[in-house]
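Structure first, then comments.
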Amino acid sequence: MAPAIQSIIKAAAAALLSSTTLSFGPAMAAPPTGYKLVWHDEFSTDGLPSARNWVYDTEANKTGWYNNELQYYAARRLANTRVKDGKLHIIARKERLTSAADYGQQDYTSGRLITRGKASWTYGFVEVRAKLPCTQGAWPAIWMLGTADKWPDSGEIDIMEKINKDPTIYGTLHTRSTAGTSGNGGAIKVATACTAYHRYQMTWTPAKISIGVDDKIYHSYRNAGSGSAQWPFSKPQYLLLNLAVGGDWPGAPDATSKFPMEMLVDYVRIYRK
């Protein structure tokens with residue numbers, strides 16, 4: 001879900017899958033021993049998401065979103081982002097918000113929540129419990145971007161991405177050294193990703209970033225000590241939750257697509273030493 005159009009978008013997913021064993025690796029402690037909860041949202045108050053924790057990312061509505069995505073990201077609109085019954089609902093709809101001042105001719109609406117300007121972290125353990133949509137054109141994501149530099153120099157940590165009806169979950173790192181590629185990533189099939197909640201996790205230390213599901217690691221990225229092009233992850237990153245519609249990787253919705261589509265989040269928890 002990189003914030004600039006890549007020359008080789010994750011349409012290289014086939015190559016990624018062919019180089020990745022679709023089975024869980026070693027156990028991931030959740031949270032690791034000695035880590036303490038430093039930030040969380042349990043989504044316990046109905047209504048709009050907490051303004052103390054989240055802001056709405058709408059910067060590319062007018063010009064069009066990255067990777068040729070098709071959605072308009074609405075701000076402070078219950079139809080697209082709402083807390084209800086202890087869950088955050090990020091909802092994509094087939095509709096045109098022609099009255100919006102920053103409307104960019106999109107045929108779909110959705111939500112993109114970020115902690116930029118509210119909270120950011122360097123190192124730690126992230127856990128997001130979520131249930132994902134399964135329909136053509138759906139692209140839910142849980143990810144992080146750096147606060148200090150522009151992409152890709154700031155680095156990007158994709159904790160969870162999934163497309164369409166496929167239950168494959170992707171975890172990917174993007175850096176200056178991977179620019180122009182699909183990134184450094186792994187993948188795992190989670191058969192019930194769309195029917196049950198799962199815990200999407202990332203442990204980030206000065207030496208390594210490990211990405212997992214339900215306490216099992218399926219991809220790790222190590223600090224090679226070769227500089228910021230390969231390891232920009234010594235500076236703060238903020239968190240993003242969003243549900244994109246269409247784009248170069250999943251392709252556009254079609255006659256089989258089911259709207260509204262929803263990404264449901266039970267909680268977000270950040271731990272640090």
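Residues are referred to by chain and number: the chain letter is A, B, ... according to the order shown in the structure tokens, the number counts from 1 in that chain, and ligands are numbered separately from 1 in the order shown.
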At a cut-off of 12 Å, can you tabulate as CSV every residue of segment 139-159 of chain A near segment 194-218 of chain A together with its closest atom pair and the distance in Å to one decimal, using only C-alpha atoms and ordering rows by chain then number?
residue,atom,partner,partner_atom,distance
A:Pro140,CA,A:Cys194,CA,11.1
A:Ala141,CA,A:Tyr200,CA,10.5
A:Ile142,CA,A:Tyr200,CA,8.3
A:Trp143,CA,A:Met202,CA,9.8
A:Met144,CA,A:Met202,CA,10.5
A:Glu156,CA,A:Ile209,CA,11.4
A:Ile157,CA,A:Ile209,CA,8.8
A:Asp158,CA,A:Ile211,CA,8.8
A:Ile159,CA,A:Ile211,CA,6.3
Using DSSP secondary structure from the backbone, list all strand (DSSP E) positions within segment 96-220 of chain A, as a PyMOL selection string. chain A and resi 108-110+112-114+124-131+138-146+156-161+168-174+184-189+198-204+208-213+216-220
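Nearest to Asp41 of chain A of all the residues A:Val128, A:Ile91, A:Ala27, A:Leu70 is A:Val128, based on only C-alpha atoms.
Compared by their closest atoms to Asn67 of chain A, and using only C-alpha atoms, the residues A:Ala252, A:Phe125, A:Ala30, A:Ser257 rank with A:Ala252 nearest.
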Using only C-alpha atoms, which residues sit within 10 Å of Ile114 of chain A once same-chain residues fewer than 6 positions away are excluded, as number ranges by chain? A: 53-57, 143-145, 238-242
Those same residues - N, CA and C atoms - I'd like them written as a PDB file, in the first residue's frame.
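Output file part_9.pdb is given in full below:
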ATOM      1  N   ASN A  53      -7.148   9.737  19.072  1.00  0.00           N
ATOM      2  CA  ASN A  53      -6.246   8.721  18.528  1.00  0.00           C
ATOM      3  C   ASN A  53      -6.034   8.795  17.028  1.00  0.00           C
ATOM      4  N   TRP A  54      -7.063   9.260  16.282  1.00  0.00           N
ATOM      5  CA  TRP A  54      -7.038   9.107  14.837  1.00  0.00           C
ATOM      6  C   TRP A  54      -7.337  10.418  14.119  1.00  0.00           C
ATOM      7  N   VAL A  55      -6.763  10.545  12.922  1.00  0.00           N
ATOM      8  CA  VAL A  55      -7.159  11.576  11.974  1.00  0.00           C
ATOM      9  C   VAL A  55      -7.484  10.883  10.654  1.00  0.00           C
ATOM     10  N   TYR A  56      -8.133  11.603   9.762  1.00  0.00           N
ATOM     11  CA  TYR A  56      -8.550  11.049   8.476  1.00  0.00           C
ATOM     12  C   TYR A  56      -7.569  11.490   7.401  1.00  0.00           C
ATOM     13  N   ASP A  57      -7.071  10.545   6.644  1.00  0.00           N
ATOM     14  CA  ASP A  57      -6.179  10.864   5.537  1.00  0.00           C
ATOM     15  C   ASP A  57      -7.011  11.029   4.271  1.00  0.00           C
ATOM     16  N   TRP A 143      -0.859  -0.910   8.330  1.00  0.00           N
ATOM     17  CA  TRP A 143       0.515  -0.630   7.933  1.00  0.00           C
ATOM     18  C   TRP A 143       1.068   0.591   8.638  1.00  0.00           C
ATOM     19  N   MET A 144       2.370   0.873   8.407  1.00  0.00           N
ATOM     20  CA  MET A 144       3.037   1.983   9.068  1.00  0.00           C
ATOM     21  C   MET A 144       3.921   2.729   8.074  1.00  0.00           C
ATOM     22  N   LEU A 145       4.021   4.045   8.284  1.00  0.00           N
ATOM     23  CA  LEU A 145       4.886   4.905   7.473  1.00  0.00           C
ATOM     24  C   LEU A 145       5.723   5.784   8.387  1.00  0.00           C
ATOM     25  N   TYR A 238       4.152   6.011  12.045  1.00  0.00           N
ATOM     26  CA  TYR A 238       2.762   6.101  12.494  1.00  0.00           C
ATOM     27  C   TYR A 238       1.953   4.991  11.840  1.00  0.00           C
ATOM     28  N   LEU A 239       0.772   4.734  12.388  1.00  0.00           N
ATOM     29  CA  LEU A 239      -0.053   3.600  11.982  1.00  0.00           C
ATOM     30  C   LEU A 239      -1.183   4.048  11.056  1.00  0.00           C
ATOM     31  N   LEU A 240      -1.514   3.196  10.097  1.00  0.00           N
ATOM     32  CA  LEU A 240      -2.619   3.437   9.174  1.00  0.00           C
ATOM     33  C   LEU A 240      -3.532   2.210   9.137  1.00  0.00           C
ATOM     34  N   LEU A 241      -4.839   2.459   9.089  1.00  0.00           N
ATOM     35  CA  LEU A 241      -5.852   1.431   8.860  1.00  0.00           C
ATOM     36  C   LEU A 241      -6.715   1.910   7.704  1.00  0.00           C
ATOM     37  N   ASN A 242      -6.857   1.121   6.671  1.00  0.00           N
ATOM     38  CA  ASN A 242      -7.697   1.569   5.563  1.00  0.00           C
ATOM     39  C   ASN A 242      -8.246   0.403   4.761  1.00  0.00           C
TER      40      ASN A 242
END
With only C-alpha atoms as the basis for distance, which of A:Ser226, A:Gln237, A:Gln106, A:Gln71 is at the shortest distance from Lys150 of chain A? A:Gln237
